[in-house]
$ cat structure-v7.txt   # compact mmCIF, C-alpha atoms
# COMPACT_ATOMS: atom_id res chain seq x y z
CA MET R 1 4.00 -27.92 -33.02
CA PRO R 2 0.78 -27.06 -31.24
CA ASP R 3 -1.86 -29.71 -31.90
CA SER R 4 -4.91 -27.70 -30.89
CA ASP R 5 -6.19 -24.22 -30.18
CA ALA R 6 -5.79 -24.95 -26.49
CA ASP R 7 -2.10 -25.70 -26.91
CA ASP R 8 -1.66 -22.60 -29.02
CA LYS R 9 -3.34 -20.58 -26.29
CA ARG R 10 -1.06 -22.03 -23.66
CA LEU R 11 2.06 -21.29 -25.72
CA ARG R 12 0.92 -17.70 -26.23
CA PHE R 13 0.13 -17.36 -22.54
CA GLU R 14 3.47 -18.77 -21.46
CA SER R 15 5.47 -16.58 -23.85
CA LEU R 16 3.63 -13.43 -22.69
CA ALA R 17 3.10 -14.03 -18.99
CA LEU R 18 5.92 -16.21 -17.69
CA PRO R 19 8.69 -13.61 -18.29
CA PHE R 20 7.05 -11.51 -15.53
CA MET R 21 7.26 -14.27 -12.93
CA GLN R 22 10.25 -12.74 -11.15
CA ARG R 23 8.60 -9.31 -10.84
CA LEU R 24 5.30 -10.80 -9.73
CA TYR R 25 7.01 -13.04 -7.18
CA ASN R 26 8.91 -10.13 -5.63
CA THR R 27 5.78 -8.01 -5.45
CA ALA R 28 3.89 -10.91 -3.86
CA LEU R 29 6.75 -11.34 -1.40
CA HIS R 30 6.71 -7.66 -0.43
CA LEU R 31 2.92 -7.63 -0.12
CA THR R 32 2.66 -10.79 1.97
CA GLY R 33 6.01 -10.70 3.80
CA ASP R 34 6.03 -14.49 3.64
CA ALA R 35 7.76 -16.71 1.02
CA GLU R 36 5.24 -19.54 1.23
CA GLU R 37 2.25 -17.22 0.95
CA ALA R 38 3.96 -15.35 -1.92
CA ALA R 39 4.38 -18.63 -3.80
CA ASP R 40 0.69 -19.44 -3.34
CA VAL R 41 -0.34 -15.94 -4.48
CA LEU R 42 1.92 -16.28 -7.52
CA GLN R 43 0.47 -19.65 -8.48
CA GLU R 44 -3.12 -18.49 -8.05
CA THR R 45 -2.32 -15.38 -10.12
CA TYR R 46 -1.01 -17.45 -13.02
CA LEU R 47 -3.90 -19.91 -12.93
CA ARG R 48 -6.47 -17.12 -12.78
CA ALA R 49 -4.69 -15.22 -15.55
CA TYR R 50 -4.62 -18.35 -17.70
CA ARG R 51 -8.32 -19.03 -17.18
CA THR R 52 -9.18 -15.48 -18.22
CA PHE R 53 -6.46 -15.12 -20.86
CA ASP R 54 -9.10 -14.80 -23.59
CA ASN R 55 -10.05 -11.48 -21.95
CA PHE R 56 -6.55 -10.09 -22.46
CA ARG R 57 -6.19 -7.88 -25.50
CA PRO R 58 -2.93 -8.62 -27.37
CA GLY R 59 -0.63 -5.63 -27.72
CA THR R 60 -1.74 -4.03 -24.46
CA ASN R 61 0.05 -4.00 -21.13
CA CYS R 62 0.37 -7.61 -20.01
CA ARG R 63 2.47 -6.67 -16.98
CA ALA R 64 -0.15 -4.26 -15.60
CA TRP R 65 -2.86 -6.85 -16.30
CA LEU R 66 -0.94 -9.48 -14.30
CA PHE R 67 -0.30 -7.07 -11.42
CA THR R 68 -4.02 -6.29 -11.30
CA ILE R 69 -4.82 -9.99 -10.96
CA LEU R 70 -2.03 -10.50 -8.43
CA TYR R 71 -3.28 -7.69 -6.21
CA SER R 72 -6.83 -9.01 -6.42
CA VAL R 73 -5.60 -12.49 -5.41
CA PHE R 74 -3.58 -11.00 -2.55
CA ILE R 75 -6.53 -8.98 -1.19
CA ASN R 76 -8.82 -11.98 -1.47
CA ARG R 77 -6.43 -14.28 0.40
CA ARG R 78 -5.60 -11.62 2.97
CA ASN R 79 -9.28 -11.11 3.72
CA ARG R 80 -9.71 -14.86 4.14
CA ALA R 81 -6.66 -15.24 6.37
CA ARG R 82 -7.17 -11.97 8.23
CA ARG R 83 -3.42 -11.69 8.29
CA GLU R 84 -1.55 -8.37 8.24
CA VAL R 85 2.10 -7.55 8.63
CA GLY R 86 2.62 -5.57 11.82
CA PRO R 87 2.65 -1.92 10.82
CA LEU R 88 5.14 0.60 12.11
CA PRO R 89 4.03 3.38 14.49
CA VAL R 90 2.65 5.68 11.81
CA GLU R 91 2.40 8.86 13.86
CA GLU R 92 5.96 8.54 15.10
CA LEU R 93 7.29 8.10 11.56
CA GLU R 94 5.34 11.13 10.33
CA GLN R 95 6.85 13.12 13.18
CA ARG R 96 10.37 12.05 12.23
CA TYR R 97 9.75 13.06 8.63
CA HIS R 98 8.50 16.51 9.63
CA LEU R 99 11.39 17.02 12.04
CA PHE R 100 13.75 16.38 9.18
CA VAL R 101 11.95 18.67 6.75
CA GLU R 102 11.59 21.50 9.23
CA ALA R 103 15.09 21.25 10.72
CA PRO R 104 17.58 24.12 10.22
CA LEU R 105 19.20 23.83 6.83
CA ASP R 106 22.68 22.83 7.89
CA ASP R 107 21.52 20.34 10.47
CA SER R 108 21.11 17.27 8.31
CA GLY R 109 23.21 15.11 6.10
CA ASP R 110 22.67 14.20 2.50
CA VAL R 111 19.78 11.94 1.54
CA ASP R 112 21.57 11.03 -1.68
CA GLY R 113 23.51 7.84 -1.28
CA TRP R 114 21.12 6.11 1.08
CA GLY R 115 20.36 3.73 -1.77
CA LYS R 116 22.11 0.43 -1.95
CA ARG R 117 23.59 0.34 1.53
CA TRP R 118 20.89 -1.29 3.59
CA PRO R 119 18.85 -3.67 1.48
CA ARG R 120 17.64 -5.68 4.48
CA GLU R 121 16.61 -2.57 6.38
CA ILE R 122 14.82 -1.14 3.35
CA GLU R 123 12.93 -4.38 2.90
CA ALA R 124 12.04 -4.57 6.60
CA ALA R 125 10.83 -0.96 6.60
CA LEU R 126 8.75 -1.54 3.47
CA HIS R 127 7.19 -4.72 4.86
CA ALA R 128 6.23 -2.91 8.06
CA LEU R 129 4.30 -0.15 6.27
CA PRO R 130 0.51 -0.42 6.44
CA GLU R 131 -0.60 -2.44 3.41
CA GLN R 132 -2.33 0.33 1.45
CA PHE R 133 0.77 2.58 1.53
CA ARG R 134 3.14 -0.35 0.86
CA ALA R 135 1.11 -1.38 -2.19
CA ALA R 136 1.20 2.14 -3.67
CA VAL R 137 4.97 2.43 -3.16
CA LEU R 138 5.51 -1.03 -4.65
CA MET R 139 3.47 -0.36 -7.77
CA VAL R 140 4.81 3.12 -8.54
CA ASP R 141 8.36 3.25 -7.15
CA VAL R 142 9.41 -0.37 -7.53
CA GLU R 143 7.40 -1.58 -10.51
CA GLU R 144 7.27 1.85 -12.17
CA LEU R 145 3.60 1.69 -13.07
CA SER R 146 2.04 5.01 -13.98
CA TYR R 147 -0.40 6.52 -11.46
CA GLU R 148 -3.22 5.45 -13.78
CA GLU R 149 -1.97 1.87 -14.07
CA ALA R 150 -1.43 1.69 -10.31
CA ALA R 151 -4.98 3.02 -9.73
CA ALA R 152 -6.41 0.29 -11.97
CA THR R 153 -4.24 -2.34 -10.28
CA LEU R 154 -5.17 -1.29 -6.76
CA GLY R 155 -8.81 -0.61 -7.63
CA CYS R 156 -8.89 2.99 -6.43
CA PRO R 157 -8.95 6.50 -7.95
CA VAL R 158 -5.72 8.13 -9.20
CA GLY R 159 -5.94 10.76 -6.45
CA THR R 160 -5.97 8.00 -3.83
CA VAL R 161 -2.85 6.43 -5.35
CA GLN R 162 -1.17 9.82 -5.19
CA SER R 163 -2.02 10.43 -1.54
CA ARG R 164 -1.13 6.86 -0.48
CA LEU R 165 2.16 7.11 -2.31
CA HIS R 166 2.96 10.41 -0.66
CA ARG R 167 2.15 9.05 2.78
CA GLY R 168 4.04 5.81 2.08
CA ARG R 169 7.16 7.68 1.06
CA ARG R 170 7.01 9.90 4.13
CA LEU R 171 6.60 6.89 6.42
CA LEU R 172 9.44 5.03 4.72
CA PHE R 173 11.64 8.05 5.12
CA GLY R 174 10.80 8.15 8.81
CA ALA R 175 11.55 4.44 9.17
CA LEU R 176 14.88 4.68 7.38
CA GLN R 177 16.07 7.75 9.27
CA GLU R 178 17.26 5.65 12.16
CA TYR R 179 19.61 3.67 9.90
CA ALA R 180 20.74 6.83 8.19
CA ARG R 181 21.59 8.46 11.48
CA ARG R 182 23.44 5.37 12.72
CA THR R 183 25.57 5.20 9.60
CA GLY R 184 26.31 8.92 9.50
CA TYR R 185 24.09 9.86 6.58
CA LEU R 186 21.99 12.05 8.84
CA ARG R 187 23.48 13.94 11.73
CA SER R 188 21.12 15.49 14.19
CA VAL R 189 17.58 14.49 13.39
CA GLU R 190 15.99 13.04 16.50
CA PRO R 191 12.36 12.05 16.86
CA MET O 1 -0.74 27.70 -8.83
CA THR O 2 1.68 28.18 -5.95
CA GLU O 3 1.24 31.50 -4.23
CA PRO O 4 4.30 33.28 -2.84
CA GLY O 5 4.80 32.24 0.78
CA ARG O 6 2.60 29.14 0.55
CA HIS O 7 4.22 25.71 0.48
CA PRO O 8 3.21 23.67 -2.56
CA GLY O 9 2.47 20.51 -0.49
CA ASP O 10 1.40 17.59 -2.71
CA ALA O 11 2.64 19.40 -5.80
CA LEU O 12 6.20 18.57 -4.69
CA GLN O 13 5.49 14.91 -5.23
CA ARG O 14 3.90 15.57 -8.60
CA LEU O 15 6.98 17.58 -9.55
CA LEU O 16 9.16 14.65 -8.52
CA ASP O 17 7.04 12.22 -10.54
CA GLU O 18 6.93 14.59 -13.54
CA ARG O 19 3.18 15.01 -13.38
CA LEU O 20 2.93 18.80 -13.10
CA PRO O 21 1.83 20.83 -16.13
CA PRO O 22 4.46 23.39 -17.22
CA PRO O 23 2.92 26.56 -15.64
CA GLN O 24 2.51 24.89 -12.25
CA ARG O 25 5.96 23.29 -12.53
CA ALA O 26 7.54 26.70 -13.07
CA ALA O 27 5.70 28.12 -10.05
CA VAL O 28 6.83 25.25 -7.79
CA GLN O 29 10.40 25.52 -9.03
CA ALA O 30 10.36 29.26 -8.30
CA HIS O 31 9.09 28.52 -4.81
CA LEU O 32 11.85 25.97 -4.28
CA LEU O 33 14.49 28.61 -5.04
CA ARG O 34 13.44 30.58 -1.99
CA CYS O 35 12.16 27.87 0.39
CA GLY O 36 14.71 25.64 2.13
CA GLN O 37 12.01 23.59 3.85
CA CYS O 38 10.43 22.58 0.55
CA ARG O 39 13.86 21.79 -0.91
CA ARG O 40 14.46 19.46 2.00
CA GLU O 41 11.06 17.86 1.55
CA LEU O 42 11.73 17.30 -2.13
CA ASP O 43 15.15 15.86 -1.26
CA ALA O 44 13.56 13.48 1.23
CA LEU O 45 10.91 12.29 -1.23
CA ARG O 46 13.45 11.93 -4.02
CA GLY O 47 15.82 10.09 -1.72
CA VAL O 48 13.27 7.60 -0.50
CA LYS O 49 12.00 6.98 -4.03
CA ALA O 50 15.55 6.17 -5.16
CA VAL O 51 16.21 4.03 -2.08
CA VAL O 52 13.20 1.82 -2.72
CA HIS O 53 13.83 1.59 -6.44
CA GLU O 54 17.54 0.82 -6.22
CA GLY O 55 18.04 -0.64 -2.79
CA LEU O 56 15.32 -3.23 -2.43
CA PRO O 57 16.87 -6.70 -2.69
CA GLU O 58 15.73 -8.91 -5.57
CA HIS O 59 14.62 -12.43 -4.66
CA PRO O 60 14.84 -15.13 -7.32
CA VAL O 61 11.78 -17.32 -7.79
CA PRO O 62 12.58 -20.63 -6.05
CA PRO O 63 12.92 -23.31 -8.78
CA GLU O 64 10.38 -25.55 -7.05
CA VAL O 65 7.82 -22.71 -7.14
CA ALA O 66 8.39 -22.13 -10.87
CA ALA O 67 8.09 -25.89 -11.45
CA ARG O 68 4.89 -26.06 -9.40
CA ILE O 69 3.31 -23.26 -11.47
CA SER O 70 4.38 -24.85 -14.72
CA ALA O 71 2.88 -28.17 -13.62
CA ALA O 72 -0.35 -26.48 -12.52
CA LEU O 73 -0.66 -24.70 -15.88
CA ALA O 74 -0.05 -28.00 -17.68
CA THR O 75 -3.04 -29.57 -15.96
CA GLN O 76 -5.47 -26.78 -16.75
CA PRO O 77 -8.57 -28.26 -18.39
CA SER O 78 -8.30 -26.49 -21.75
CA ARG O 79 -5.17 -28.44 -22.60
CA GLY O 80 -5.62 -30.87 -25.48
CA THR O 81 -6.14 -34.51 -24.57
CA ARG O 82 -3.84 -35.70 -27.36
CA ARG O 83 -1.00 -33.57 -26.09
CA LEU O 84 -1.68 -34.74 -22.55
CA ALA O 85 -1.40 -38.33 -23.80
CA ALA O 86 1.92 -37.54 -25.45
CA VAL O 87 3.29 -35.81 -22.37
CA ALA O 88 2.07 -38.48 -19.95
CA GLY O 89 2.91 -41.42 -22.20
CA LEU O 90 -0.68 -42.67 -22.08
CA SER O 91 -3.14 -44.03 -24.59
CA LEU O 92 -5.73 -41.55 -25.86
CA ALA O 93 -8.45 -43.30 -23.85
CA ALA O 94 -6.40 -43.20 -20.64
CA ALA O 95 -5.54 -39.56 -21.31
CA ALA O 96 -9.22 -38.76 -21.78
CA VAL O 97 -10.00 -40.27 -18.37
CA LEU O 98 -7.09 -38.36 -16.85
CA ALA O 99 -8.31 -35.15 -18.49
CA ILE O 100 -11.75 -35.62 -16.91
CA VAL O 101 -10.18 -36.21 -13.50
CA LEU O 102 -7.97 -33.14 -13.88
CA THR O 103 -10.89 -31.06 -15.10
CA ARG O 104 -12.84 -32.01 -12.00
CA SER O 105 -9.97 -31.37 -9.65
CA PHE O 106 -9.44 -27.95 -11.26
CA ARG O 107 -13.11 -26.99 -11.29
CA PRO O 108 -13.26 -23.41 -12.50
CA ASP O 109 -13.72 -20.82 -9.82
CA ILE O 110 -16.57 -18.73 -11.25
CA VAL O 111 -16.65 -16.36 -8.27
CA ALA O 112 -12.91 -15.62 -8.51
CA ASP O 113 -13.23 -15.10 -12.28
CA ALA O 114 -16.09 -12.63 -11.73
CA VAL O 115 -13.91 -10.67 -9.27
CA THR O 116 -11.05 -10.68 -11.79
CA ALA O 117 -13.36 -9.43 -14.54
CA PHE O 118 -14.47 -6.55 -12.31
CA THR O 119 -10.92 -5.57 -11.36
CA THR O 120 -9.60 -5.76 -14.91
CA ALA O 121 -12.54 -4.61 -17.08
CA GLY O 122 -11.47 -1.25 -18.42
CA ALA O 123 -8.09 -1.61 -16.70
CA PRO O 124 -4.76 -1.54 -18.53
CA GLY O 125 -4.42 -4.63 -20.68
CA VAL O 126 -8.10 -5.42 -20.68
CA ALA O 127 -9.76 -2.42 -22.21
CA LEU O 128 -13.41 -2.99 -22.99
CA GLN O 129 -13.92 -4.33 -26.50
CA ILE O 130 -16.36 -1.51 -27.06
CA GLU O 131 -16.77 1.70 -25.09
CA THR O 132 -20.22 3.11 -25.61
CA SER O 133 -23.38 4.06 -23.78
CA ASP O 134 -25.47 2.76 -26.68
CA PRO O 135 -26.99 -0.65 -25.82
CA ARG O 136 -27.62 -1.42 -29.49
CA ALA O 137 -23.92 -1.02 -30.27
CA VAL O 138 -23.11 -3.56 -27.56
CA GLU O 139 -25.76 -5.94 -28.92
CA ARG O 140 -24.20 -5.65 -32.38
CA LEU O 141 -20.78 -6.46 -30.90
CA PHE O 142 -22.15 -9.57 -29.21
CA ALA O 143 -23.76 -10.70 -32.48
CA ASP O 144 -20.60 -9.96 -34.50
CA ARG O 145 -18.46 -11.92 -32.04
CA GLY O 146 -20.76 -14.94 -32.36
CA LEU O 147 -22.00 -14.98 -28.77
CA PRO O 148 -24.11 -18.18 -28.61
CA PHE O 149 -27.01 -16.51 -26.77
CA SER O 150 -28.69 -13.10 -26.72
CA PRO O 151 -28.09 -11.35 -23.40
CA ARG O 152 -30.33 -8.63 -22.05
CA ILE O 153 -28.57 -5.27 -21.84
CA PHE O 154 -29.51 -4.01 -18.38
CA ASP O 155 -30.54 -0.38 -18.06
CA PHE O 156 -29.49 1.01 -14.67
CA GLY O 157 -30.23 4.62 -15.69
CA MET O 158 -32.89 5.04 -13.02
CA MET O 159 -30.28 4.16 -10.39
CA GLY O 160 -27.74 6.65 -11.76
CA TYR O 161 -25.53 4.11 -13.55
CA ARG O 162 -24.79 4.52 -17.24
CA LEU O 163 -23.57 1.85 -19.64
CA ASN O 164 -19.84 2.24 -20.29
CA GLY O 165 -19.33 -0.61 -22.73
CA GLY O 166 -18.89 -4.32 -22.91
CA GLY O 167 -17.27 -7.29 -24.51
CA VAL O 168 -17.26 -11.02 -25.01
CA HIS O 169 -15.27 -12.44 -22.10
CA ARG O 170 -14.71 -15.74 -20.32
CA ILE O 171 -15.82 -16.91 -16.92
CA GLY O 172 -15.41 -20.40 -15.50
CA ASN O 173 -13.86 -21.64 -18.75
CA ARG O 174 -16.82 -20.58 -20.88
CA VAL O 175 -17.85 -17.59 -22.92
CA SER O 176 -19.69 -14.72 -21.29
CA ALA O 177 -21.27 -11.39 -22.19
CA LEU O 178 -19.75 -8.61 -20.09
CA LEU O 179 -21.39 -5.24 -19.48
CA ALA O 180 -19.67 -2.41 -17.60
CA TYR O 181 -21.44 0.53 -15.97
CA ILE O 182 -20.26 3.72 -14.29
CA GLY O 183 -22.30 5.15 -11.48
CA PRO O 184 -22.34 8.01 -9.00
CA ASP O 185 -18.94 9.00 -7.56
CA GLY O 186 -17.12 6.72 -10.01
CA LYS O 187 -18.69 3.56 -8.55
CA ARG O 188 -18.68 0.65 -10.98
CA VAL O 189 -20.90 -2.27 -11.80
CA VAL O 190 -19.85 -5.16 -14.02
CA CYS O 191 -22.41 -7.75 -15.12
CA GLN O 192 -21.72 -11.03 -16.85
CA MET O 193 -24.09 -13.53 -18.38
CA PHE O 194 -23.09 -17.07 -19.31
CA ARG O 195 -24.49 -20.55 -19.76
CA GLY O 196 -24.41 -22.24 -16.39
CA THR O 197 -26.30 -23.31 -13.31
CA ALA O 198 -26.23 -22.45 -9.63
CA SER O 199 -24.93 -25.94 -8.82
CA GLU O 200 -21.56 -24.87 -10.19
CA LEU O 201 -21.21 -22.16 -7.56
CA PRO O 202 -19.60 -22.59 -4.15
CA PRO O 203 -21.79 -22.09 -1.07
CA PRO O 204 -22.72 -18.39 -0.91
CA ALA O 205 -22.23 -16.07 2.05
CA GLU O 206 -25.93 -15.36 1.91
CA GLU O 207 -29.01 -16.45 -0.03
CA ARG O 208 -32.11 -14.36 -0.54
CA GLU O 209 -35.38 -14.81 -2.39
CA HIS O 210 -37.04 -11.85 -4.07
CA GLY O 211 -39.86 -11.84 -6.61
CA GLY O 212 -39.68 -15.63 -6.90
CA ILE O 213 -35.99 -15.56 -7.82
CA ARG O 214 -33.20 -16.97 -5.67
CA PHE O 215 -30.15 -14.71 -5.32
CA ARG O 216 -26.76 -16.05 -4.20
CA ILE O 217 -24.59 -13.39 -2.63
CA TYR O 218 -20.82 -13.47 -2.19
CA ARG O 219 -18.38 -10.94 -0.81
CA SER O 220 -14.79 -10.92 -1.99
CA ALA O 221 -11.97 -8.37 -2.15
CA GLY O 222 -14.29 -5.58 -0.95
CA LEU O 223 -16.80 -6.37 -3.71
CA THR O 224 -20.34 -7.68 -3.62
CA LEU O 225 -21.29 -10.39 -6.13
CA VAL O 226 -24.92 -11.33 -6.74
CA PHE O 227 -25.71 -14.41 -8.89
CA TRP O 228 -29.13 -15.42 -10.20
CA GLN O 229 -30.50 -17.73 -12.86
CA GLU O 230 -32.52 -16.68 -15.92
CA GLY O 231 -33.46 -19.90 -17.75
CA PRO O 232 -30.23 -21.50 -19.02
CA ILE O 233 -28.30 -18.30 -18.39
CA MET O 234 -26.55 -17.45 -15.15
CA CYS O 235 -26.23 -13.71 -14.40
CA VAL O 236 -23.77 -12.12 -12.02
CA LEU O 237 -23.65 -8.50 -10.94
CA VAL O 238 -20.43 -7.31 -9.27
CA ALA O 239 -20.22 -3.91 -7.59
CA ASP O 240 -18.03 -1.94 -5.25
CA GLY O 241 -19.51 0.35 -2.63
CA ASP O 242 -22.58 -0.37 -0.53
CA PRO O 243 -23.39 -4.15 -0.61
CA GLU O 244 -27.12 -3.57 -0.11
CA ALA O 245 -27.19 -1.19 -3.08
CA ALA O 246 -25.62 -3.92 -5.24
CA ILE O 247 -28.28 -6.40 -4.16
CA GLN O 248 -31.04 -3.89 -4.91
CA LEU O 249 -29.59 -3.35 -8.41
CA ALA O 250 -29.81 -7.10 -9.02
CA TYR O 251 -33.38 -7.22 -7.66
CA ALA O 252 -34.32 -4.43 -10.05
CA LYS O 253 -33.08 -6.22 -13.16
CA ALA O 254 -33.64 -9.93 -12.54
CA VAL O 255 -36.59 -11.51 -14.36
CA ILE O 256 -38.16 -14.96 -14.31
CA VAL O 257 -37.58 -16.78 -17.61

$ encode --input "structure-v7.txt" --output "C-alpha cells"
Amino acid sequence: MPDSDADDKRLRFESLALPFMQRLYNTALHLTGDAEEAADVLQETYLRAYRTFDNFRPGTNCRAWLFTILYSVFINRRNRARREVGPLPVEELEQRYHLFVEAPLDDSGDVDGWGKRWPREIEAALHALPEQFRAAVLMVDVEELSYEEAAATLGCPVGTVQSRLHRGRRLLFGALQEYARRTGYLRSVEP
Amino acid sequence: MTEPGRHPGDALQRLLDERLPPPQRAAVQAHLLRCGQCRRELDALRGVKAVVHEGLPEHPVPPEVAARISAALATQPSRGTRRLAAVAGLSLAAAAVLAIVLTRSFRPDIVADAVTAFTTAGAPGVALQIETSDPRAVERLFADRGLPFSPRIFDFGMMGYRLNGGGVHRIGNRVSALLAYIGPDGKRVVCQMFRGTASELPPPAEEREHGGIRFRIYRSAGLTLVFWQEGPIMCVLVADGDPEAAIQLAYAKAVIV
C-alpha cells in the first residue's frame, strides 16, 4: 500500500513508464551507437521524466513523451561530448540510390525480401547515417511515431521530418545495396 | 497534383506513408502505372522501410542497467521517508538523515528541467493545460490550480510573439507557472516562474547585467535559457533560434521587484 502521495506518484510513474524501457533503450543504442552511453541516456531519461512527471497528462501518449525526453537528453549529452558516429559517404549513397531507380527495368532484383537477412548490416548501416537522418528513420520507421509525433520529439517542423526521413531512407538503401548485390538480391547495380 | 510526365518526387513517400489526400493519391497512382522509374523508387522506399522495421535486431536491456535505473528512481527525493525507512531497515530518524543526504546528492537540475519543459510543452503527452491567447484565461487557470504565487503574464506582442497557452508545471521539484508563446516562422518561447534563487543554478555559460538585473545565460540542446530573479520568484525564458534575440526578449520583460 502506498504510504504517501510521493509513493503513489512513483507507482503510477513506474506502471506507465517502465514498460517502455526496452524501446527506449534500443532507440538510445541506435542513436548513440554505444551500449554504455545508451545506458546513461536511458537512466537520465527516466530520472528527468520522473522529476517532471507532474507535467504529464494522464491518458495521453506516454511513449511519445518519453521519446521526446530521451532525444533531448541525447542531444544534450552529444553536444557536451562532441561525439558523433562516423557518417557514411552521403553523396556516394545518393548516387547508388539514383542508379538503382534510373536503371533499366529488368536490370535489378527484387527489393522485397531484404528484410530479416542481415540484421547486423542493417544496424551498422543505420548507425553510420548522419544523426539527423538516423533519428527521423528511427522515430518513424522503427518506433512508428506519426510525422507529427516525430516532429515534436525531434523539435523540428513536420516538413523537416518528412525530408529527413526521405533522405535517410535513400541513404540506407544506398548503404544496403552492397549487401543486396553480394547476396544476389540485386544483380547489376554498380555505383 | 501530379502533372502527366512529371515525377511526383516527395509525394511517393507520402503515398507510402499513407499521408496523401485521395485526389493526389489517385494522381500519383495513375502516374505509377505509366512510369517504371517511379515504381522502382517506390519499391526502394518501401523495401528500406520494411528492412528497418523488421530487420533491425532487438537488444534486451541489460539487467544491471534496469537495476541501476530502479535504484536511481528509488532514491529520488520525493520518495516518502517512512517508506525509505522500511526499505532500508532504518529508524525514522536515520531515514530522515539519509533522505536529506540523498536529496542533496540528487539536487534537481533546474536547467535540464527547463529544457525538457520547452521540448515537451505542447508536444504529444504534454499538451498545454490551456490553449489560449487570452492572458486573463491563463491567470484564471493559475488561480484555479492553486498556484502559490501570482505570476506576471508576459506580453511579447511587440516582438511578434503571441501567447499560446500555459499550465501549472514542475521544475526542480517544485511548482511552476508555464507560459508558451509562438513567434515568427514558428519559433517558440517558453517561460517558467517558480520560487527559487540563483544559488540553486549551476554556473552559467555567460552572465550579463542589464537595467540593474543580473541575467544568467545557458545554452543547451540548441536552445538559449535566460534566468533572472524577481523578488522571491525565479524566471526563466527558453527559446530556439537566435540566442541574442532570446536575451533581448528577457531584457524587455524583466523588472526589479

$ closest_residue --input "structure-v7.txt" --among "O:Lys253, O:His210, O:Arg14, O:His169" --to "Val161 in chain R" --atoms "only C-alpha atoms"
O:Arg14

$ axis_aligned_box --input "structure-v7.txt" --around "range 169-175 of chain O" --padding-each-side "5 Å" --output "lines of an AutoDock Vina configuration file"
center_x = -15.9
center_y = -17.0
center_z = -19.2
size_x = 14.0
size_y = 19.2
size_z = 17.4

$ closest_atom_pairs --input "structure-v7.txt" --of "chain R" --to "chain O" --cutoff "8 Å" --atoms "all atoms listed in the file" --output "CSV"
residue,atom,partner,partner_atom,distance
R:Asp3,CA,O:Arg83,CA,7.0
R:Ser4,CA,O:Gly80,CA,6.3
R:Ala6,CA,O:Arg79,CA,5.3
R:Asp7,CA,O:Arg79,CA,6.0
R:Arg10,CA,O:Arg79,CA,7.7
R:Met21,CA,O:Val61,CA,7.5
R:Gln22,CA,O:Val61,CA,5.9
R:Tyr25,CA,O:Val61,CA,6.4
R:Asn26,CA,O:His59,CA,6.2
R:Ala39,CA,O:Val65,CA,6.3
R:Gln43,CA,O:Ile69,CA,5.5
R:Tyr46,CA,O:Ile69,CA,7.4
R:Leu47,CA,O:Leu73,CA,6.5
R:Arg48,CA,O:Asp113,CA,7.1
R:Tyr50,CA,O:Leu73,CA,7.7
R:Arg51,CA,O:Asn173,CA,6.3
R:Thr52,CA,O:Arg170,CA,5.9
R:Asp54,CA,O:Arg170,CA,6.6
R:Asn55,CA,O:His169,CA,5.3
R:Phe56,CA,O:Val126,CA,5.2
R:Arg57,CA,O:Val126,CA,5.7
R:Pro58,CA,O:Gly125,CA,7.9
R:Thr60,CA,O:Gly125,CA,4.7
R:Asn61,CA,O:Gly125,CA,4.5
R:Cys62,CA,O:Gly125,CA,5.7
R:Ala64,CA,O:Pro124,CA,6.1
R:Trp65,CA,O:Gly125,CA,5.2
R:Thr68,CA,O:Thr120,CA,6.7
R:Ile69,CA,O:Thr116,CA,6.3
R:Ser72,CA,O:Ala221,CA,6.7
R:Ile75,CA,O:Ala221,CA,5.6
R:Asn76,CA,O:Ala221,CA,4.8
R:Asn79,CA,O:Ala221,CA,7.0
R:Phe100,CA,O:Arg40,CA,7.8
R:Val101,CA,O:Glu41,CA,5.3
R:Glu102,CA,O:Gln37,CA,5.8
R:Ala103,CA,O:Gln37,CA,7.9
R:Leu105,CA,O:Gly36,CA,6.7
R:Val111,CA,O:Gly47,CA,5.5
R:Asp112,CA,O:Gly47,CA,5.8
R:Trp114,CA,O:Val51,CA,6.2
R:Gly115,CA,O:Val51,CA,4.2
R:Lys116,CA,O:Gly55,CA,4.3
R:Arg117,CA,O:Gly55,CA,7.1
R:Trp118,CA,O:Gly55,CA,7.0
R:Pro119,CA,O:Leu56,CA,5.3
R:Arg120,CA,O:Pro57,CA,7.3
R:Ile122,CA,O:Leu56,CA,6.2
R:Glu123,CA,O:Leu56,CA,6.0
R:Asp141,CA,O:His53,CA,5.8
R:Val142,CA,O:His53,CA,5.0
R:Glu149,CA,O:Pro124,CA,6.3
R:Ala152,CA,O:Ala123,CA,5.4
R:Thr153,CA,O:Thr119,CA,7.5
R:Gly155,CA,O:Thr119,CA,6.6
R:His166,CA,O:Gln13,CA,6.9
R:Arg169,CA,O:Val48,CA,6.3
R:Arg170,CA,O:Leu45,CA,7.0
R:Leu172,CA,O:Val48,CA,7.0
R:Phe173,CA,O:Val48,CA,5.9

$ residues_around --input "structure-v7.txt" --residues "range 187-194 of chain O" --least-positions-apart "4" --cutoff "7 Å" --atoms "only C-alpha atoms" --output "PDB file with C-alpha atoms, in the frame of the given file"
ATOM      1  CA  PHE O 118     -14.470  -6.550 -12.310  1.00  0.00           C
ATOM      2  CA  PRO O 151     -28.090 -11.350 -23.400  1.00  0.00           C
ATOM      3  CA  VAL O 175     -17.850 -17.590 -22.920  1.00  0.00           C
ATOM      4  CA  SER O 176     -19.690 -14.720 -21.290  1.00  0.00           C
ATOM      5  CA  ALA O 177     -21.270 -11.390 -22.190  1.00  0.00           C
ATOM      6  CA  LEU O 178     -19.750  -8.610 -20.090  1.00  0.00           C
ATOM      7  CA  LEU O 179     -21.390  -5.240 -19.480  1.00  0.00           C
ATOM      8  CA  ALA O 180     -19.670  -2.410 -17.600  1.00  0.00           C
ATOM      9  CA  TYR O 181     -21.440   0.530 -15.970  1.00  0.00           C
ATOM     10  CA  ILE O 182     -20.260   3.720 -14.290  1.00  0.00           C
ATOM     11  CA  GLY O 183     -22.300   5.150 -11.480  1.00  0.00           C
ATOM     12  CA  ILE O 233     -28.300 -18.300 -18.390  1.00  0.00           C
ATOM     13  CA  MET O 234     -26.550 -17.450 -15.150  1.00  0.00           C
ATOM     14  CA  CYS O 235     -26.230 -13.710 -14.400  1.00  0.00           C
ATOM     15  CA  VAL O 236     -23.770 -12.120 -12.020  1.00  0.00           C
ATOM     16  CA  LEU O 237     -23.650  -8.500 -10.940  1.00  0.00           C
ATOM     17  CA  VAL O 238     -20.430  -7.310  -9.270  1.00  0.00           C
ATOM     18  CA  ALA O 239     -20.220  -3.910  -7.590  1.00  0.00           C
ATOM     19  CA  ASP O 240     -18.030  -1.940  -5.250  1.00  0.00           C
ATOM     20  CA  GLY O 241     -19.510   0.350  -2.630  1.00  0.00           C
TER      21      GLY O 241
END
